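With CSV, C-alpha atoms inside, this is model_4.csv:
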```csv
chain,number,residue,atom,x,y,z
A,20,MET,CA,-9.7,10.3,-6.0
A,21,LEU,CA,-7.5,11.5,-3.1
A,22,THR,CA,-8.2,14.7,-1.2
A,23,ASP,CA,-5.6,17.4,-1.2
A,24,GLU,CA,-4.7,16.4,2.4
A,25,GLN,CA,-4.4,12.7,1.4
A,26,ALA,CA,-2.2,13.7,-1.6
A,27,ARG,CA,0.1,15.4,0.8
A,28,ARG,CA,0.0,12.6,3.4
A,29,TYR,CA,0.7,9.8,0.9
A,30,SER,CA,2.8,11.8,-1.6
A,31,ARG,CA,5.7,9.3,-1.2
A,32,HIS,CA,3.4,6.4,-2.0
A,33,VAL,CA,1.9,8.2,-5.0
A,34,LEU,CA,5.4,8.7,-6.4
A,35,LEU,CA,6.0,4.9,-6.4
A,36,ARG,CA,5.3,3.5,-9.8
A,37,GLU,CA,3.7,0.3,-8.2
A,38,VAL,CA,1.3,2.4,-6.1
A,39,GLY,CA,0.3,5.8,-7.6
A,40,GLY,CA,-3.0,7.5,-6.8
A,41,ARG,CA,-5.1,4.6,-7.7
A,42,GLY,CA,-3.1,2.1,-5.6
A,43,GLN,CA,-3.2,4.5,-2.7
A,44,ALA,CA,-7.0,4.7,-3.1
A,45,ARG,CA,-7.2,0.9,-3.0
A,46,LEU,CA,-5.1,0.9,0.2
A,47,LEU,CA,-7.5,3.4,1.8
A,48,GLU,CA,-10.5,1.3,0.9
A,49,ALA,CA,-9.1,-2.1,2.0
A,50,ALA,CA,-10.2,-2.7,5.5
A,51,VAL,CA,-7.9,-5.3,7.0
A,52,ARG,CA,-9.0,-7.8,9.7
A,53,VAL,CA,-6.2,-8.4,12.2
A,54,ARG,CA,-6.5,-11.6,14.1
A,55,GLY,CA,-4.3,-12.5,17.1
A,56,GLY,CA,-1.7,-10.5,18.9
A,57,GLY,CA,2.0,-10.2,19.5
A,58,THR,CA,4.8,-7.9,18.3
A,59,ALA,CA,4.9,-8.9,14.7
A,60,LEU,CA,1.1,-8.5,14.3
A,61,GLU,CA,1.1,-5.1,16.0
A,62,VAL,CA,4.0,-3.8,14.0
A,63,ALA,CA,2.2,-5.0,10.8
A,64,ALA,CA,-0.9,-3.2,12.0
A,65,ALA,CA,1.1,0.0,12.6
A,66,TYR,CA,2.5,-0.1,9.0
A,67,LEU,CA,-0.9,-0.9,7.5
A,68,ALA,CA,-2.4,2.0,9.4
A,69,ALA,CA,0.4,4.3,8.3
A,70,GLY,CA,-0.5,3.2,4.8
A,71,GLY,CA,-4.1,4.3,5.3
A,72,SER,CA,-5.9,1.0,5.6
A,73,PRO,CA,-8.6,0.8,8.2
A,74,LEU,CA,-8.1,-2.0,10.7
A,75,ALA,CA,-10.5,-4.3,12.4
A,76,TRP,CA,-9.1,-6.1,15.3
A,77,GLU,CA,-10.3,-9.6,16.2
A,78,GLY,CA,-8.5,-11.2,19.0
A,79,PRO,CA,-7.1,-10.8,22.5
A,80,GLU,CA,-5.7,-7.8,24.2
A,81,HIS,CA,-2.4,-6.6,22.8
A,82,THR,CA,0.5,-6.1,25.1
A,83,ALA,CA,3.6,-6.5,23.1
A,84,PHE,CA,4.2,-3.3,21.2
A,85,PHE,CA,1.6,-0.8,22.2
A,86,LEU,CA,0.3,-0.6,25.8
A,87,ALA,CA,-2.7,-2.8,26.4
A,88,GLY,CA,-6.0,-1.2,25.5
A,89,GLU,CA,-4.4,1.7,23.7
A,90,VAL,CA,-3.9,0.2,20.3
A,91,ALA,CA,-7.0,1.8,18.8
A,92,ALA,CA,-6.1,5.2,20.1
A,93,ALA,CA,-2.5,4.8,19.0
A,94,ILE,CA,-3.5,3.9,15.4
A,95,ALA,CA,-6.0,6.8,15.3
A,96,ASP,CA,-3.3,9.2,16.3
A,97,LEU,CA,-0.9,7.6,13.7
A,98,ASN,CA,-3.3,8.2,10.8
A,99,PRO,CA,-6.9,9.5,10.9
A,100,ASP,CA,-7.6,7.6,7.6
A,101,ALA,CA,-7.0,4.3,9.5
A,102,ARG,CA,-9.3,5.4,12.3
A,103,GLY,CA,-12.2,3.4,10.9
A,104,PRO,CA,-13.2,0.2,12.6
A,105,VAL,CA,-10.4,-0.2,15.0
A,106,GLY,CA,-10.5,-1.7,18.5
A,107,PRO,CA,-10.9,-5.3,19.6
A,108,GLU,CA,-14.4,-4.5,20.9
A,109,ALA,CA,-15.5,-2.6,17.8
A,110,ASP,CA,-18.8,-3.8,16.5
A,111,VAL,CA,-18.1,-3.6,12.8
A,112,ASP,CA,-18.4,-5.5,9.6
A,113,PRO,CA,-15.7,-3.9,7.4
A,114,PRO,CA,-15.7,-4.4,3.7
A,115,ARG,CA,-13.6,-7.4,2.9
A,116,LEU,CA,-11.2,-7.7,0.0
A,117,GLU,CA,-12.9,-9.1,-3.0
A,118,SER,CA,-10.6,-12.1,-3.1
A,119,ASP,CA,-10.5,-12.4,0.7
A,120,ALA,CA,-6.8,-12.4,0.5
A,121,GLY,CA,-4.8,-12.9,3.6
A,122,VAL,CA,-1.4,-13.0,5.2
A,123,VAL,CA,-0.7,-15.6,7.9
A,124,LEU,CA,2.3,-15.6,10.3
A,125,LEU,CA,3.5,-19.1,10.4
A,126,GLY,CA,6.2,-18.9,13.1
A,127,PRO,CA,8.7,-16.5,14.4
A,128,GLU,CA,10.5,-16.3,11.0
A,129,ARG,CA,8.0,-17.3,8.4
A,130,LEU,CA,4.9,-15.8,6.8
A,131,ALA,CA,2.6,-16.8,3.9
A,132,TRP,CA,0.2,-14.9,1.8
A,133,PHE,CA,-2.9,-16.2,-0.1
A,134,PRO,CA,-4.7,-14.2,-2.8
A,135,ALA,CA,-7.6,-16.5,-2.3
A,136,PRO,CA,-8.7,-17.6,1.2
A,137,ALA,CA,-6.6,-20.3,2.8
A,138,CYS,CA,-8.7,-23.1,4.3
A,139,GLU,CA,-8.5,-24.0,7.9
A,140,ASP,CA,-6.4,-27.0,7.1
A,141,CYS,CA,-3.8,-24.9,5.2
A,142,VAL,CA,-3.4,-22.5,8.1
A,143,ALA,CA,-3.4,-25.3,10.6
A,144,LEU,CA,-0.4,-26.9,9.0
A,145,GLN,CA,1.9,-24.8,11.1
A,146,ALA,CA,1.1,-23.3,14.4
A,147,PRO,CA,1.0,-19.5,14.3
A,148,GLY,CA,4.0,-18.1,16.1
A,149,ARG,CA,5.1,-14.8,17.5
A,150,GLY,CA,7.7,-13.1,15.3
A,151,GLY,CA,9.4,-9.8,15.9
A,152,PRO,CA,9.2,-6.4,14.2
A,153,GLN,CA,11.0,-7.5,11.1
A,154,LEU,CA,8.4,-10.2,10.4
A,155,GLY,CA,5.7,-7.6,11.1
A,156,ALA,CA,7.1,-5.2,8.6
A,157,LEU,CA,7.3,-7.9,5.9
A,158,ALA,CA,3.7,-9.0,6.8
A,159,ALA,CA,2.4,-5.5,6.2
A,160,LEU,CA,4.3,-5.3,2.9
A,161,ALA,CA,2.9,-8.6,1.8
A,162,MET,CA,-0.7,-7.5,2.7
A,163,GLN,CA,-0.2,-4.2,0.8
A,164,ARG,CA,1.1,-6.1,-2.3
A,165,LEU,CA,-2.0,-8.3,-2.2
A,166,VAL,CA,-4.3,-5.2,-2.0
A,167,LEU,CA,-2.4,-3.6,-4.9
A,168,GLY,CA,-2.7,-6.8,-7.0
A,169,LEU,CA,1.1,-7.2,-7.2
A,170,GLU,CA,0.9,-10.7,-5.7
A,171,THR,CA,-1.4,-12.9,-7.6
A,172,GLU,CA,-0.1,-16.3,-6.5
A,173,ALA,CA,0.2,-17.8,-3.0
A,174,GLY,CA,3.7,-17.4,-1.6
A,175,ALA,CA,5.8,-17.5,1.6
A,176,LEU,CA,8.8,-15.7,3.0
A,177,GLU,CA,11.4,-17.1,5.4
A,178,LEU,CA,13.4,-14.7,7.5
A,179,ASP,CA,17.0,-15.4,8.5
A,180,LEU,CA,17.4,-13.1,11.5
A,181,ALA,CA,21.1,-14.0,11.9
A,182,GLN,CA,21.9,-13.0,8.4
A,183,GLY,CA,19.3,-10.2,8.1
A,184,LYS,CA,18.0,-11.7,4.9
A,185,ASP,CA,14.7,-13.1,3.7
A,186,ARG,CA,14.0,-15.6,1.0
A,187,ARG,CA,10.9,-16.8,-0.8
A,188,VAL,CA,9.8,-20.4,0.0
A,189,ALA,CA,6.9,-22.6,-1.2
A,190,PRO,CA,3.8,-21.8,0.9
A,191,ALA,CA,2.6,-24.6,3.1
A,192,ARG,CA,-0.8,-25.9,1.9
A,193,CYS,CA,-2.9,-28.8,2.9
A,194,PRO,CA,-3.0,-31.8,0.5
A,195,ARG,CA,-6.3,-30.6,-0.9
A,196,HIS,CA,-4.8,-27.3,-2.1
A,197,ALA,CA,-1.1,-28.2,-2.5
B,17,MET,CA,4.2,18.4,-4.5
B,18,THR,CA,3.7,19.8,-8.0
B,19,TRP,CA,4.7,16.5,-9.6
B,20,VAL,CA,2.5,14.5,-7.2
B,21,LYS,CA,-0.5,16.6,-8.3
B,22,VAL,CA,0.3,16.4,-12.0
B,23,LYS,CA,0.8,12.6,-11.6
B,24,LEU,CA,-2.6,12.2,-9.9
B,25,ALA,CA,-4.3,14.3,-12.7
B,26,LEU,CA,-2.6,12.2,-15.4
B,27,GLU,CA,-3.8,9.0,-13.8
B,28,GLU,CA,-7.4,10.2,-14.1
B,29,LEU,CA,-7.1,10.9,-17.9
B,30,PRO,CA,-7.5,8.3,-20.5
B,31,SER,CA,-4.6,7.7,-22.9
B,32,GLY,CA,-4.4,10.3,-25.5
B,33,ASP,CA,-6.1,13.1,-23.5
B,34,ARG,CA,-4.0,16.2,-22.8
B,35,LEU,CA,-3.3,18.0,-19.6
B,36,GLU,CA,-2.3,21.6,-19.5
B,37,VAL,CA,-0.3,22.7,-16.5
B,38,LEU,CA,0.8,26.2,-15.5
B,39,LEU,CA,4.2,26.0,-13.8
B,40,SER,CA,6.2,28.7,-11.9
B,41,GLY,CA,9.6,28.3,-10.4
B,42,GLU,CA,12.7,26.6,-11.7
B,43,GLU,CA,12.4,23.3,-9.9
B,44,PRO,CA,8.9,22.2,-11.2
B,45,LEU,CA,9.8,23.4,-14.6
B,46,ARG,CA,12.8,21.0,-14.5
B,47,ASN,CA,11.2,18.1,-12.7
B,48,VAL,CA,7.7,17.8,-14.0
B,49,PRO,CA,8.5,17.3,-17.7
B,50,LYS,CA,11.4,14.9,-16.8
B,51,ASN,CA,9.2,12.8,-14.4
B,52,ALA,CA,6.3,12.8,-16.9
B,53,ALA,CA,8.5,11.5,-19.6
B,54,GLU,CA,10.1,8.9,-17.3
B,55,GLU,CA,6.6,7.6,-16.5
B,56,GLY,CA,5.9,7.2,-20.2
B,57,HIS,CA,3.7,10.3,-20.9
B,58,ARG,CA,4.4,12.5,-23.9
B,59,VAL,CA,5.5,16.1,-23.2
B,60,LEU,CA,4.2,18.0,-26.2
B,61,SER,CA,5.2,21.6,-25.5
B,62,THR,CA,6.5,24.1,-23.0
B,63,THR,CA,5.6,27.7,-23.7
B,64,GLU,CA,6.0,31.0,-21.8
B,65,ALA,CA,2.6,32.1,-20.4
B,66,GLY,CA,3.7,35.4,-18.9
B,67,GLY,CA,4.2,36.5,-15.4
B,68,GLY,CA,7.1,34.1,-15.0
B,69,LYS,CA,4.8,31.1,-15.7
B,70,PHE,CA,5.1,28.4,-18.3
B,71,LYS,CA,2.4,26.3,-19.8
B,72,LEU,CA,3.3,22.6,-20.2
B,73,VAL,CA,1.1,20.3,-22.3
B,74,ILE,CA,1.4,16.6,-21.5
B,75,GLU,CA,-0.4,13.8,-23.4
B,76,ALA,CA,-1.4,11.0,-21.0
B,77,VAL,CA,0.0,7.6,-22.0
B,78,HIS,CA,-1.0,4.5,-20.0
B,79,PRO,CA,0.3,1.1,-20.6
B,80,ARG,CA,-2.4,-1.4,-21.8
B,81,GLY,CA,-4.3,-2.9,-18.9
B,82,ALA,CA,-3.3,-0.1,-16.4
```

For the structure just supplied, provide its representation as C-alpha coordinates.
Amino acid sequence: MLTDEQARRYSRHVLLREVGGRGQARLLEAAVRVRGGGTALEVAAAYLAAGGSPLAWEGPEHTAFFLAGEVAAAIADLNPDARGPVGPEADVDPPRLESDAGVVLLGPERLAWFPAPACEDCVALQAPGRGGPQLGALAALAMQRLVLGLETEAGALELDLAQGKDRRVAPARCPRHA
Amino acid sequence: MTWVKVKLALEELPSGDRLEVLLSGEEPLRNVPKNAAEEGHRVLSTTEAGGGKFKLVIEAVHPRGA
(Lines of atoms letter the chains of each structure in order from A and count residues from 1; the text may use other names and numbers.)
(Lines give C-alpha, C1' and ligand atoms only; values in the text may rest on other atoms or scores of the structure.)
Protein backbone atom coordinates (compact mmCIF):
# COMPACT_ATOMS: atom_id res chain seq x y z
CA MET A 1 0.00 0.00 0.00
CA LEU A 2 1.46 3.35 -1.02
CA THR A 3 1.66 6.24 1.40
CA ASP A 4 -0.12 9.48 0.46
CA GLU A 5 3.24 11.00 -0.44
CA GLN A 6 4.11 8.03 -2.65
CA ALA A 7 0.68 8.18 -4.29
CA ARG A 8 1.47 11.78 -5.22
CA ARG A 9 5.05 11.06 -6.26
CA TYR A 10 4.15 8.10 -8.47
CA SER A 11 0.70 9.25 -9.60
CA ARG A 12 1.68 9.04 -13.26
CA HIS A 13 2.83 5.43 -12.81
CA VAL A 14 -0.35 4.53 -10.92
CA LEU A 15 -2.42 5.82 -13.81
CA LEU A 16 -0.71 3.42 -16.22
CA ARG A 17 -2.76 0.27 -16.62
CA GLU A 18 0.38 -1.93 -16.69
CA VAL A 19 1.66 -0.49 -13.40
CA GLY A 20 -1.05 0.73 -11.02
CA GLY A 21 -0.60 0.81 -7.25
CA ARG A 22 0.42 -2.83 -6.95
CA GLY A 23 2.98 -2.53 -9.72
CA GLN A 24 4.42 0.58 -8.13
CA ALA A 25 4.66 -1.27 -4.80
CA ARG A 26 6.64 -3.99 -6.58
CA LEU A 27 9.02 -1.41 -8.06
CA LEU A 28 9.54 0.06 -4.59
CA GLU A 29 10.38 -3.36 -3.15
CA ALA A 30 12.65 -4.51 -5.96
CA ALA A 31 16.21 -3.73 -4.94
CA VAL A 32 18.29 -3.75 -8.10
CA ARG A 33 21.96 -4.64 -8.17
CA VAL A 34 23.92 -2.48 -10.60
CA ARG A 35 27.19 -3.95 -11.82
CA GLY A 36 29.75 -2.04 -13.85
CA GLY A 37 29.79 1.54 -14.96
CA GLY A 38 29.46 3.83 -17.93
CA THR A 39 26.87 6.22 -19.28
CA ALA A 40 24.20 3.67 -20.17
CA LEU A 41 24.34 2.02 -16.78
CA GLU A 42 24.18 5.29 -14.91
CA VAL A 43 21.30 6.57 -16.96
CA ALA A 44 19.52 3.27 -16.30
CA ALA A 45 20.24 3.70 -12.58
CA ALA A 46 18.80 7.22 -12.63
CA TYR A 47 15.60 5.98 -14.29
CA LEU A 48 15.28 3.06 -11.88
CA ALA A 49 15.83 5.37 -8.92
CA ALA A 50 13.21 7.78 -10.26
CA GLY A 51 10.86 4.79 -10.45
CA GLY A 52 11.45 4.14 -6.74
CA SER A 53 13.67 1.04 -6.85
CA PRO A 54 16.50 0.98 -4.29
CA LEU A 55 19.87 0.42 -5.98
CA ALA A 56 22.90 -1.50 -4.81
CA TRP A 57 26.06 -0.64 -6.71
CA GLU A 58 28.66 -3.27 -7.35
CA GLY A 59 31.53 -2.12 -9.46
CA PRO A 60 34.04 0.60 -10.14
CA GLU A 61 33.76 4.29 -9.56
CA HIS A 62 31.41 5.97 -11.97
CA THR A 63 32.57 8.91 -13.97
CA ALA A 64 30.46 9.06 -17.08
CA PHE A 65 27.17 10.66 -16.15
CA PHE A 66 27.39 11.76 -12.56
CA LEU A 67 30.52 13.11 -10.96
CA ALA A 68 32.70 10.41 -9.44
CA GLY A 69 31.76 9.58 -5.87
CA GLU A 70 28.52 11.53 -6.01
CA VAL A 71 26.29 8.88 -7.49
CA ALA A 72 24.78 7.82 -4.20
CA ALA A 73 24.05 11.38 -3.15
CA ALA A 74 22.61 12.24 -6.55
CA ILE A 75 20.24 9.29 -6.44
CA ALA A 76 19.18 10.04 -2.89
CA ASP A 77 18.39 13.59 -3.96
CA LEU A 78 16.50 12.29 -6.97
CA ASN A 79 14.15 10.13 -4.95
CA PRO A 80 14.28 9.33 -1.22
CA ASP A 81 12.56 5.98 -1.86
CA ALA A 82 15.63 4.89 -3.81
CA ARG A 83 17.96 6.01 -1.05
CA GLY A 84 18.23 2.45 0.34
CA PRO A 85 21.40 0.51 -0.23
CA VAL A 86 23.16 2.84 -2.62
CA GLY A 87 26.86 3.54 -3.00
CA PRO A 88 29.62 1.30 -4.33
CA GLU A 89 30.99 0.89 -0.82
CA ALA A 90 27.63 0.09 0.77
CA ASP A 91 27.75 -2.99 2.95
CA VAL A 92 24.34 -4.37 2.08
CA ASP A 93 22.58 -7.50 1.10
CA PRO A 94 19.45 -6.19 -0.60
CA PRO A 95 16.52 -8.47 -1.26
CA ARG A 96 16.84 -10.04 -4.68
CA LEU A 97 14.09 -10.54 -7.17
CA GLU A 98 12.47 -13.91 -6.67
CA SER A 99 13.48 -15.00 -10.14
CA ASP A 100 16.85 -13.24 -9.97
CA ALA A 101 15.93 -11.56 -13.22
CA GLY A 102 18.47 -9.37 -14.91
CA VAL A 103 19.29 -7.04 -17.77
CA VAL A 104 22.69 -7.24 -19.42
CA LEU A 105 24.20 -4.58 -21.68
CA LEU A 106 25.79 -6.49 -24.52
CA GLY A 107 27.43 -3.70 -26.46
CA PRO A 108 26.89 -0.06 -27.31
CA GLU A 109 23.64 -0.83 -29.11
CA ARG A 110 22.31 -4.05 -27.62
CA LEU A 111 20.84 -5.32 -24.38
CA ALA A 112 19.27 -8.56 -23.25
CA TRP A 113 16.98 -9.46 -20.37
CA PHE A 114 16.54 -12.72 -18.55
CA PRO A 115 13.58 -13.54 -16.28
CA ALA A 116 15.71 -16.37 -14.88
CA PRO A 117 19.41 -15.92 -14.17
CA ALA A 118 21.70 -16.04 -17.17
CA CYS A 119 24.69 -18.26 -16.56
CA GLU A 120 28.24 -16.96 -16.84
CA ASP A 121 28.58 -18.49 -20.30
CA CYS A 122 25.43 -16.78 -21.58
CA VAL A 123 26.69 -13.40 -20.46
CA ALA A 124 30.21 -14.06 -21.69
CA LEU A 125 29.02 -14.68 -25.23
CA GLN A 126 29.36 -10.99 -25.91
CA ALA A 127 31.65 -8.54 -24.19
CA PRO A 128 29.75 -5.97 -22.15
CA GLY A 129 30.02 -2.63 -23.88
CA ARG A 130 29.41 0.98 -23.09
CA GLY A 131 26.27 2.33 -24.62
CA GLY A 132 24.82 5.79 -24.45
CA PRO A 133 21.82 7.30 -22.68
CA GLN A 134 19.32 5.76 -25.11
CA LEU A 135 20.50 2.25 -24.26
CA GLY A 136 20.38 3.14 -20.57
CA ALA A 137 16.77 4.29 -20.79
CA LEU A 138 15.80 1.07 -22.58
CA ALA A 139 17.71 -1.00 -20.01
CA ALA A 140 15.77 0.63 -17.15
CA LEU A 141 12.49 0.00 -18.94
CA ALA A 142 13.42 -3.66 -19.52
CA MET A 143 14.30 -4.06 -15.84
CA GLN A 144 11.02 -2.47 -14.73
CA ARG A 145 9.06 -4.70 -17.11
CA LEU A 146 10.79 -7.74 -15.56
CA VAL A 147 9.87 -6.54 -12.07
CA LEU A 148 6.27 -5.96 -13.12
CA GLY A 149 6.03 -9.42 -14.66
CA LEU A 150 5.40 -7.98 -18.13
CA GLU A 151 8.37 -9.87 -19.58
CA THR A 152 8.26 -13.58 -18.90
CA GLU A 153 10.63 -14.75 -21.64
CA ALA A 154 14.26 -13.89 -22.30
CA GLY A 155 14.64 -11.28 -25.00
CA ALA A 156 16.97 -8.72 -26.52
CA LEU A 157 16.78 -5.30 -28.12
CA GLU A 158 19.06 -3.86 -30.75
CA LEU A 159 19.23 -0.10 -31.05
CA ASP A 160 19.81 1.58 -34.41
CA LEU A 161 21.16 4.96 -33.34
CA ALA A 162 21.30 6.32 -36.90
CA GLN A 163 17.62 5.60 -37.45
CA GLY A 164 16.55 6.26 -33.86
CA LYS A 165 14.77 2.92 -33.75
CA ASP A 166 15.03 -0.28 -31.79
CA ARG A 167 14.03 -3.80 -32.68
CA ARG A 168 13.68 -7.04 -30.82
CA VAL A 169 16.24 -9.71 -31.61
CA ALA A 170 16.88 -13.20 -30.30
CA PRO A 171 18.88 -13.09 -27.04
CA ALA A 172 22.35 -14.58 -27.16
CA ARG A 173 22.50 -17.72 -25.02
CA CYS A 174 25.18 -20.33 -24.54
CA PRO A 175 24.63 -23.73 -26.24
CA ARG A 176 23.44 -25.15 -22.92
CA HIS A 177 20.60 -22.64 -22.66
CA ALA A 178 19.96 -21.81 -26.32
CA MET B 1 -5.20 13.16 -7.71
CA THR B 2 -8.82 12.18 -6.98
CA TRP B 3 -8.82 9.42 -9.59
CA VAL B 4 -5.39 8.19 -8.43
CA LYS B 5 -6.73 7.76 -4.88
CA VAL B 6 -9.93 6.08 -6.10
CA LYS B 7 -7.94 3.76 -8.37
CA LEU B 8 -5.64 2.75 -5.49
CA ALA B 9 -8.68 2.05 -3.27
CA LEU B 10 -10.35 -0.04 -5.99
CA GLU B 11 -7.18 -2.11 -6.43
CA GLU B 12 -7.38 -3.11 -2.77
CA LEU B 13 -10.97 -4.36 -3.05
CA PRO B 14 -11.88 -7.84 -4.25
CA SER B 15 -14.12 -8.05 -7.31
CA GLY B 16 -17.74 -7.43 -6.37
CA ASP B 17 -17.05 -5.18 -3.37
CA ARG B 18 -18.34 -1.64 -3.52
CA LEU B 19 -16.58 1.63 -2.94
CA GLU B 20 -18.42 4.80 -1.94
CA VAL B 21 -16.73 8.04 -2.86
CA LEU B 22 -17.78 11.57 -1.97
CA LEU B 23 -16.88 13.93 -4.76
CA SER B 24 -16.97 17.70 -4.97
CA GLY B 25 -16.11 19.79 -7.98
CA GLU B 26 -16.99 19.37 -11.60
CA GLU B 27 -13.76 17.80 -12.80
CA PRO B 28 -13.68 14.77 -10.45
CA LEU B 29 -17.39 14.26 -11.04
CA ARG B 30 -16.71 14.07 -14.75
CA ASN B 31 -13.42 12.13 -14.68
CA VAL B 32 -13.78 9.58 -11.88
CA PRO B 33 -16.83 7.70 -13.25
CA LYS B 34 -15.41 7.85 -16.77
CA ASN B 35 -11.99 6.49 -15.74
CA ALA B 36 -13.54 3.83 -13.49
CA ALA B 37 -15.69 2.56 -16.35
CA GLU B 38 -12.73 2.63 -18.76
CA GLU B 39 -10.77 0.42 -16.35
CA GLY B 40 -13.61 -2.10 -16.30
CA HIS B 41 -15.23 -1.23 -12.96
CA ARG B 42 -19.00 -0.83 -12.66
CA VAL B 43 -20.35 2.62 -11.81
CA LEU B 44 -23.58 1.84 -9.97
CA SER B 45 -24.92 5.25 -8.99
CA THR B 46 -24.23 8.93 -8.59
CA THR B 47 -26.46 10.76 -6.10
CA GLU B 48 -26.46 14.22 -4.60
CA ALA B 49 -25.16 14.15 -1.04
CA GLY B 50 -25.75 17.81 -0.10
CA GLY B 51 -23.31 20.66 0.31
CA GLY B 52 -22.40 20.50 -3.34
CA LYS B 53 -21.09 16.94 -2.95
CA PHE B 54 -22.03 13.80 -4.83
CA LYS B 55 -21.86 10.18 -3.69
CA LEU B 56 -20.52 7.80 -6.27
CA VAL B 57 -20.86 4.04 -5.81
CA ILE B 58 -18.45 1.87 -7.79
CA GLU B 59 -18.30 -1.93 -7.86
CA ALA B 60 -14.75 -3.21 -8.21
CA VAL B 61 -14.20 -5.50 -11.18
CA HIS B 62 -10.81 -7.11 -11.67
CA PRO B 63 -9.94 -9.34 -14.58
CA ARG B 64 -9.23 -12.93 -13.58
CA GLY B 65 -5.68 -13.44 -12.43
CA ALA B 66 -5.14 -9.74 -11.70

Name all residues at most 10 Å from segment 65-79 of chain B (count all atoms listed in the file; drop same-chain ones fewer than 4 positions away) and give them as a PyMOL selection string.
chain B and resi 22-23+25-42+45+48-49+52-53+55-61

Each chain A residue no farther than 12 Å from chain B, nearest pair in Å, all atoms listed in the file, as CSV:
```
residue,atom,partner,partner_atom,distance
A:Met20,CA,B:Leu24,CA,8.3
A:Leu21,CA,B:Leu24,CA,8.4
A:Thr22,CA,B:Leu24,CA,10.6
A:Asp23,CA,B:Lys21,CA,8.8
A:Glu24,CA,B:Met17,CA,11.4
A:Gln25,CA,B:Lys21,CA,11.2
A:Ala26,CA,B:Val20,CA,7.4
A:Arg27,CA,B:Met17,CA,7.3
A:Arg28,CA,B:Met17,CA,10.7
A:Tyr29,CA,B:Val20,CA,9.5
A:Ser30,CA,B:Val20,CA,6.2
A:Arg31,CA,B:Val20,CA,8.6
A:His32,CA,B:Val20,CA,9.7
A:Val33,CA,B:Val20,CA,6.7
A:Leu34,CA,B:Val20,CA,6.5
A:Leu35,CA,B:Val20,CA,10.2
A:Arg36,CA,B:Glu55,CA,8.0
A:Glu37,CA,B:Ala82,CA,10.8
A:Val38,CA,B:Leu24,CA,11.2
A:Gly39,CA,B:Leu24,CA,7.4
A:Gly40,CA,B:Leu24,CA,5.6
A:Arg41,CA,B:Glu27,CA,7.6
A:Gly42,CA,B:Glu27,CA,10.7
A:Gln43,CA,B:Leu24,CA,10.6
A:Ala44,CA,B:Leu24,CA,11.0
A:Gly168,CA,B:Ala82,CA,11.6
```

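One distance worth recording is that between atom CA of Ala159 of chain A and atom CA of Asp96 of chain A, which is 18.7 Å.
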
Can you pull out every residue within 6 Å of Glu128 of chain A, counting all atoms listed in the file, but drop anything in the same chain fewer than 2 positions away, and send it as a list in words?
Gly126, Glu177 and Leu178 of chain A

How many Å separate atom CA of Val51 of chain A from atom CA of Leu74 of chain A?
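Atom-to-atom, atom CA of Val51 of chain A to atom CA of Leu74 of chain A, that is 5.0 Å.
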
May I ask for the distance between atom CA of Ser72 of chain A and atom CA of Asp100 of chain A, given in Å to one decimal place?
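Computing the Euclidean distance for atom CA of Ser72 of chain A and atom CA of Asp100 of chain A yields 7.1 Å.
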
Choose the residue, out of A:Ala161, A:Val188, A:Leu130, A:Leu169, that has the smallest atom-to-atom separation from Leu67 of chain A; count only C-alpha atoms.
A:Ala161
